[in-house]
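What's in coords.pdb: PDB, C-alpha atoms
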```pdb
MODEL        1
ATOM      1  CA  MET A   1      92.731 110.099  86.904
ATOM      2  CA  ARG A   2      90.932 107.255  85.226
ATOM      3  CA  LEU A   3      93.283 107.492  82.251
ATOM      4  CA  ALA A   4      96.431 107.221  84.378
ATOM      5  CA  HIS A   5      95.086 104.082  86.022
ATOM      6  CA  ARG A   6      94.082 102.672  82.651
ATOM      7  CA  PHE A   7      97.583 103.301  81.325
ATOM      8  CA  ALA A   8      98.954 101.429  84.358
ATOM      9  CA  LEU A   9      96.611  98.524  83.688
ATOM     10  CA  GLU A  10      97.713  98.407  80.059
ATOM     11  CA  SER A  11     101.487  98.726  80.594
ATOM     12  CA  ASP A  12     103.627  96.825  83.087
ATOM     13  CA  LEU A  13     106.103  99.694  83.079
ATOM     14  CA  ILE A  14     103.588 102.314  84.207
ATOM     15  CA  LYS A  15     102.469 102.823  87.772
ATOM     16  CA  ALA A  16      99.840 105.396  88.619
ATOM     17  CA  ASP A  17      99.127 107.049  91.953
ATOM     18  CA  CYS A  18      95.965 108.976  92.683
ATOM     19  CA  ILE A  19      96.966 111.381  95.464
ATOM     20  CA  GLU A  20      94.491 113.362  97.512
ATOM     21  CA  ALA A  21      96.315 116.717  97.547
ATOM     22  CA  THR A  22      94.832 118.146 100.756
ATOM     23  CA  GLU A  23      95.857 115.042 102.736
ATOM     24  CA  PHE A  24      99.452 115.260 101.532
ATOM     25  CA  PRO A  25     100.212 118.992 101.598
ATOM     26  CA  ASP A  26     103.999 118.551 101.718
ATOM     27  CA  LEU A  27     104.034 116.525  98.518
ATOM     28  CA  ALA A  28     101.531 118.861  96.862
ATOM     29  CA  GLY A  29     103.753 121.773  97.877
ATOM     30  CA  LYS A  30     106.870 120.108  96.529
ATOM     31  CA  TYR A  31     105.239 119.750  93.111
ATOM     32  CA  ARG A  32     103.556 123.176  93.286
ATOM     33  CA  VAL A  33     100.051 121.797  92.957
ATOM     34  CA  TYR A  34      97.826 124.886  92.868
ATOM     35  CA  ALA A  35      95.042 123.403  90.774
ATOM     36  CA  VAL A  36      93.848 119.860  90.149
ATOM     37  CA  PRO A  37      94.108 117.541  88.429
ATOM     38  CA  LYS A  38      97.861 117.854  88.069
ATOM     39  CA  THR A  39      99.909 114.917  86.828
ATOM     40  CA  VAL A  40     103.602 114.662  87.692
ATOM     41  CA  ILE A  41     105.624 112.356  85.447
ATOM     42  CA  ASN A  42     108.662 110.569  86.898
ATOM     43  CA  GLU A  43     109.001 113.193  89.662
ATOM     44  CA  GLY A  44     109.746 115.781  86.974
ATOM     45  CA  THR A  45     107.616 117.320  84.251
ATOM     46  CA  SER A  46     103.934 117.817  84.842
ATOM     47  CA  ILE A  47     100.623 118.134  83.049
ATOM     48  CA  GLU A  48      98.032 120.613  84.305
ATOM     49  CA  GLY A  49      94.362 119.807  83.960
ATOM     50  CA  ALA A  50      92.495 116.930  82.388
ATOM     51  CA  LEU A  51      93.273 116.055  78.774
ATOM     52  CA  PRO A  52      91.624 113.705  76.290
ATOM     53  CA  GLU A  53      93.236 110.272  76.017
ATOM     54  CA  GLU A  54      95.401 110.847  72.948
ATOM     55  CA  PHE A  55      96.773 114.205  74.152
ATOM     56  CA  PHE A  56      97.412 112.972  77.673
ATOM     57  CA  LEU A  57      99.363 109.978  76.379
ATOM     58  CA  GLU A  58     101.234 112.155  73.875
ATOM     59  CA  ARG A  59     102.367 114.524  76.634
ATOM     60  CA  ILE A  60     103.574 111.606  78.736
ATOM     61  CA  LEU A  61     105.518 110.125  75.818
ATOM     62  CA  GLN A  62     107.038 113.524  74.997
ATOM     63  CA  SER A  63     108.288 113.870  78.542
ATOM     64  CA  LEU A  64     110.063 110.526  78.226
ATOM     65  CA  GLU A  65     111.830 111.291  74.959
ATOM     66  CA  PRO A  66     114.779 113.324  76.284
ATOM     67  CA  ALA A  67     115.802 110.439  78.547
ATOM     68  CA  ALA A  68     115.538 107.987  75.671
ATOM     69  CA  ASP A  69     117.632 110.260  73.419
ATOM     70  CA  SER A  70     120.399 110.766  75.935
ATOM     71  CA  GLY A  71     120.491 107.016  76.480
ATOM     72  CA  ALA A  72     120.873 106.398  72.759
ATOM     73  CA  GLY A  73     123.573 109.032  72.396
ATOM     74  CA  ALA A  74     125.661 107.848  75.308
TER
ATOM     75  CA  MET B   1      77.899 103.501 111.406
ATOM     76  CA  SER B   2      78.335 103.199 107.686
ATOM     77  CA  LEU B   3      80.041 105.782 105.496
ATOM     78  CA  ILE B   4      78.116 104.574 102.462
ATOM     79  CA  ARG B   5      74.469 105.617 102.459
ATOM     80  CA  ASP B   6      71.867 102.936 101.748
ATOM     81  CA  GLU B   7      70.666 104.645  98.586
ATOM     82  CA  ASP B   8      74.250 104.754  97.293
ATOM     83  CA  ALA B   9      74.951 101.159  98.268
ATOM     84  CA  GLY B  10      72.388  99.869  95.761
ATOM     85  CA  GLU B  11      73.934 101.863  92.964
ATOM     86  CA  ILE B  12      77.438 100.702  93.892
ATOM     87  CA  ARG B  13      76.286  97.066  93.990
ATOM     88  CA  GLU B  14      74.922  97.461  90.469
ATOM     89  CA  ARG B  15      78.214  98.916  89.237
ATOM     90  CA  LEU B  16      80.211  96.109  90.839
ATOM     91  CA  LYS B  17      78.095  93.557  88.966
ATOM     92  CA  GLU B  18      80.278  94.463  85.969
ATOM     93  CA  MET B  19      83.165  92.708  87.722
ATOM     94  CA  VAL B  20      84.515  89.455  86.254
ATOM     95  CA  GLU B  21      87.574  88.347  88.237
ATOM     96  CA  PRO B  22      87.959  88.871  91.989
ATOM     97  CA  VAL B  23      89.702  92.080  93.007
ATOM     98  CA  LYS B  24      91.615  92.698  96.201
ATOM     99  CA  LEU B  25      92.053  96.094  97.786
ATOM    100  CA  VAL B  26      95.284  96.123  99.781
ATOM    101  CA  HIS B  27      95.012  98.948 102.251
ATOM    102  CA  PHE B  28      97.879 100.389 104.272
ATOM    103  CA  THR B  29      97.214 102.322 107.416
ATOM    104  CA  GLN B  30      98.799 103.064 110.759
ATOM    105  CA  GLU B  31      97.333 103.659 114.163
ATOM    106  CA  LEU B  32      98.854 107.111 114.486
ATOM    107  CA  ASN B  33      97.341 108.257 111.243
ATOM    108  CA  LEU B  34      93.930 108.757 112.811
ATOM    109  CA  GLU B  35      92.711 111.862 111.091
ATOM    110  CA  TYR B  36      92.258 110.362 107.627
ATOM    111  CA  GLY B  37      93.279 106.757 108.201
ATOM    112  CA  ARG B  38      90.275 105.624 110.190
ATOM    113  CA  GLU B  39      87.780 107.085 107.739
ATOM    114  CA  ALA B  40      89.556 105.592 104.735
ATOM    115  CA  ARG B  41      89.578 102.161 106.327
ATOM    116  CA  MET B  42      85.903 102.334 107.279
ATOM    117  CA  LEU B  43      84.945 103.390 103.775
ATOM    118  CA  LEU B  44      86.855 100.479 102.221
ATOM    119  CA  GLU B  45      85.401  98.006 104.719
ATOM    120  CA  ASP B  46      81.912  99.159 103.776
ATOM    121  CA  LEU B  47      82.723  98.977 100.075
ATOM    122  CA  ALA B  48      84.148  95.449 100.288
ATOM    123  CA  GLN B  49      80.775  94.279 101.664
ATOM    124  CA  LEU B  50      79.026  95.251  98.451
ATOM    125  CA  SER B  51      80.394  92.531  96.158
ATOM    126  CA  ASP B  52      81.376  88.888  96.627
ATOM    127  CA  LYS B  53      84.182  89.489  94.163
ATOM    128  CA  LEU B  54      85.718  92.283  96.189
ATOM    129  CA  SER B  55      87.955  91.704  99.204
ATOM    130  CA  LEU B  56      90.004  93.899 101.500
ATOM    131  CA  GLU B  57      93.352  93.215 103.103
ATOM    132  CA  THR B  58      94.546  95.724 105.669
ATOM    133  CA  CYS B  59      98.255  96.120 106.384
ATOM    134  CA  ASP B  60     100.061  98.131 109.011
ATOM    135  CA  PHE B  61     102.408 100.702 107.514
ATOM    136  CA  ILE B  62     104.906 100.311 110.370
ATOM    137  CA  LEU B  63     104.713  96.592 111.124
ATOM    138  CA  ASP B  64     104.120  94.958 107.731
ATOM    139  CA  LYS B  65     107.462  95.978 106.261
ATOM    140  CA  GLU B  66     107.517  93.283 103.597
ATOM    141  CA  LYS B  67     104.129  94.308 102.234
ATOM    142  CA  VAL B  68     105.097  97.975 102.330
ATOM    143  CA  ALA B  69     108.198  97.166 100.263
ATOM    144  CA  GLU B  70     106.287  94.850  97.919
ATOM    145  CA  TYR B  71     103.747  97.542  97.102
ATOM    146  CA  GLY B  72     106.216 100.431  97.185
ATOM    147  CA  VAL B  73     104.038 102.418  99.564
ATOM    148  CA  ASP B  74     105.711 105.518 101.029
ATOM    149  CA  LYS B  75     102.778 107.280 102.713
ATOM    150  CA  VAL B  76      99.393 106.394 104.226
ATOM    151  CA  PRO B  77      96.530 105.909 103.919
ATOM    152  CA  ALA B  78      97.347 103.977 100.748
ATOM    153  CA  THR B  79      95.283 101.503  98.756
ATOM    154  CA  ALA B  80      96.358  99.196  95.937
ATOM    155  CA  VAL B  81      93.776  97.777  93.514
ATOM    156  CA  ARG B  82      94.788  94.380  92.123
ATOM    157  CA  ASN B  83      93.578  91.008  90.911
ATOM    158  CA  GLY B  84      96.021  88.083  90.559
ATOM    159  CA  GLN B  85      98.451  90.687  89.294
ATOM    160  CA  ASP B  86      99.527  94.063  90.690
ATOM    161  CA  TYR B  87      99.344  96.720  87.981
ATOM    162  CA  GLY B  88     100.753  99.587  90.030
ATOM    163  CA  ILE B  89      97.376 101.208  90.635
ATOM    164  CA  ARG B  90      97.375 103.152  93.909
ATOM    165  CA  PHE B  91      95.179 105.571  95.805
ATOM    166  CA  TYR B  92      96.712 107.781  98.480
ATOM    167  CA  GLY B  93      94.269 109.370 100.893
ATOM    168  CA  ILE B  94      90.540 108.816 101.277
ATOM    169  CA  PRO B  95      88.980 107.856  97.948
ATOM    170  CA  ALA B  96      85.878 109.906  98.729
ATOM    171  CA  GLY B  97      83.699 112.221  96.654
ATOM    172  CA  TYR B  98      84.594 112.247  92.991
ATOM    173  CA  GLU B  99      87.523 109.913  93.637
ATOM    174  CA  PHE B 100      85.166 107.258  94.918
ATOM    175  CA  SER B 101      83.805 106.785  91.411
ATOM    176  CA  THR B 102      87.404 106.687  90.170
ATOM    177  CA  LEU B 103      88.015 103.857  92.618
ATOM    178  CA  LEU B 104      84.950 101.959  91.359
ATOM    179  CA  ASP B 105      86.187 102.478  87.825
ATOM    180  CA  ALA B 106      89.623 101.088  88.727
ATOM    181  CA  ILE B 107      88.060  98.074  90.466
ATOM    182  CA  VAL B 108      85.876  97.224  87.460
ATOM    183  CA  SER B 109      88.702  97.783  84.936
ATOM    184  CA  VAL B 110      91.115  95.582  86.898
ATOM    185  CA  SER B 111      88.445  92.941  87.377
ATOM    186  CA  ARG B 112      87.823  92.831  83.626
ATOM    187  CA  ARG B 113      91.524  93.238  82.766
ATOM    188  CA  ASP B 114      90.374  95.750  80.218
ATOM    189  CA  SER B 115      91.761  99.289  80.078
ATOM    190  CA  GLU B 116      89.152 100.252  77.423
ATOM    191  CA  LEU B 117      91.806 102.397  75.782
ATOM    192  CA  ARG B 118      91.866 103.119  72.056
ATOM    193  CA  PRO B 119      93.880 100.614  69.952
ATOM    194  CA  GLU B 120      96.267 103.465  68.963
ATOM    195  CA  SER B 121      96.942 104.178  72.624
ATOM    196  CA  ARG B 122      97.561 100.519  73.373
ATOM    197  CA  ASP B 123     100.095 100.353  70.521
ATOM    198  CA  LYS B 124     101.949 103.383  71.831
ATOM    199  CA  LEU B 125     101.932 102.095  75.402
ATOM    200  CA  ALA B 126     103.345  98.766  74.244
ATOM    201  CA  LYS B 127     106.398 100.606  72.881
ATOM    202  CA  ILE B 128     107.336 102.257  76.180
ATOM    203  CA  SER B 129     110.727 100.929  77.255
ATOM    204  CA  GLN B 130     111.322 102.691  80.573
ATOM    205  CA  PRO B 131     109.498 102.838  83.888
ATOM    206  CA  VAL B 132     106.919 105.619  84.132
ATOM    207  CA  HIS B 133     105.600 106.905  87.431
ATOM    208  CA  LEU B 134     102.453 109.013  87.182
ATOM    209  CA  GLU B 135     101.370 110.952  90.254
ATOM    210  CA  VAL B 136      97.954 112.516  89.722
ATOM    211  CA  PHE B 137      96.964 115.071  92.343
ATOM    212  CA  VAL B 138      93.249 115.459  92.949
ATOM    213  CA  THR B 139      90.822 116.862  95.505
ATOM    214  CA  PRO B 140      87.573 115.244  96.658
ATOM    215  CA  THR B 141      85.231 117.800  95.067
TER
ENDMDL
END
```

Write-out of the structure in structure tokens:
Amino acid sequence: MRLAHRFALESDLIKADCIEATEFPDLAGKYRVYAVPKTVINEGTSIEGALPEEFFLERILQSLEPAADSGAGA
Amino acid sequence: MSLIRDEDAGEIRERLKEMVEPVKLVHFTQELNLEYGREARMLLEDLAQLSDKLSLETCDFILDKEKVAEYGVDKVPATAVRNGQDYGIRFYGIPAGYEFSTLLDAIVSVSRRDSELRPESRDKLAKISQPVHLEVFVTPT
């Protein structure tokens, strides 16, 4: 969780929500949160568990690439 | 009644001494949201007492429509951590247990305007060209 907030502090384009899963069961259900931490990126792909900084960031960037590619190809 | 025990309050005060700039917690609640809302608000009120650099603004989720829109809050209890600038850092639910230390961490980082990330990470983050919304689900334990 700390990393997501630190990314948000570093980048104006990133916003990071820390969501207490048991208080928002509908949202947790929608994203199939069965174990925590679980990070959902742009309401789509997700990362299960806690990762070290470089891997966490890498996974986030990877999840953004398809959108960037389709934009470039259009 | 305080939700922060005296022995914890001293430790929290020490941690908050790392703060540089003032930080404001903008908390959204609503009267109907009693189960978790009241406890979250009490916890933040107690916390805000522990540093001169920390303040709390409480908004009503139903009545303060402009603030709700400004902060993009879609559920309560919600808490934004900001200084002069809003970085998009939010907590939804009671920041208790393990998440309480995450909240302290966010407060200190925002206050120092320092993410403490590796230079390589900062370079990569600077190249992001689209909005990114991270929703991290956690539990208190």

Exercise. When distances are computed from all atoms listed in the file, which of A:Leu3, A:Ile19, A:Val36, A:Leu64 shows the smallest separation from Pro77 (chain B)?
Worked result: A:Ile19

Exercise. Quick one: which residues from chain A are at most 8 Å off chain B, using only C-alpha atoms, as JSON, numbers by chain?
Worked result: {"A": [1, 2, 4, 5, 6, 7, 8, 9, 10, 11, 12, 13, 14, 15, 16, 17, 18, 19, 20, 21, 22, 23, 24, 28, 33, 36, 37, 38, 39, 40, 41, 42, 43, 53, 54, 57]}

Seminar exercise, completed: re CA of Lys24 (chain B) and CA of Arg41 (chain B): distance 14.0 Å

For this session: Apply the PyMOL selection byres ((chain B and resi 23) around 10) to the displayed file and report the matching residues as an NGL selection string.
Result: :B and (19-22 or 24-26 or 48 or 51-56 or 81-85 or 106-112)

Exercise. CA of Leu44 (chain B) to CA of Glu14 (chain B): how many Å, to one decimal?
Worked result: 17.0 Å

Exercise. Separation of CA of Thr58 (chain B) and CA of Lys17 (chain B), in Å?
Worked result: 23.5 Å

Problem set entry | Nearest residue to Ile62 (chain B) from the set B:Glu31, B:Glu45, B:Glu39, B:Glu18 (distances using only C-alpha atoms) |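 Checking each of B:Glu31, B:Glu45, B:Glu39, B:Glu18 against Ile62 (chain B), counting only C-alpha atoms, the winner is B:Glu31.
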
Exercise. How would you write, as a PyMOL selection string, the residues chosen by the PyMOL selection byres ((chain B and resi 67) around 12) on this structure?
Worked result: chain B and resi 26-29+57-66+68-74+78-80
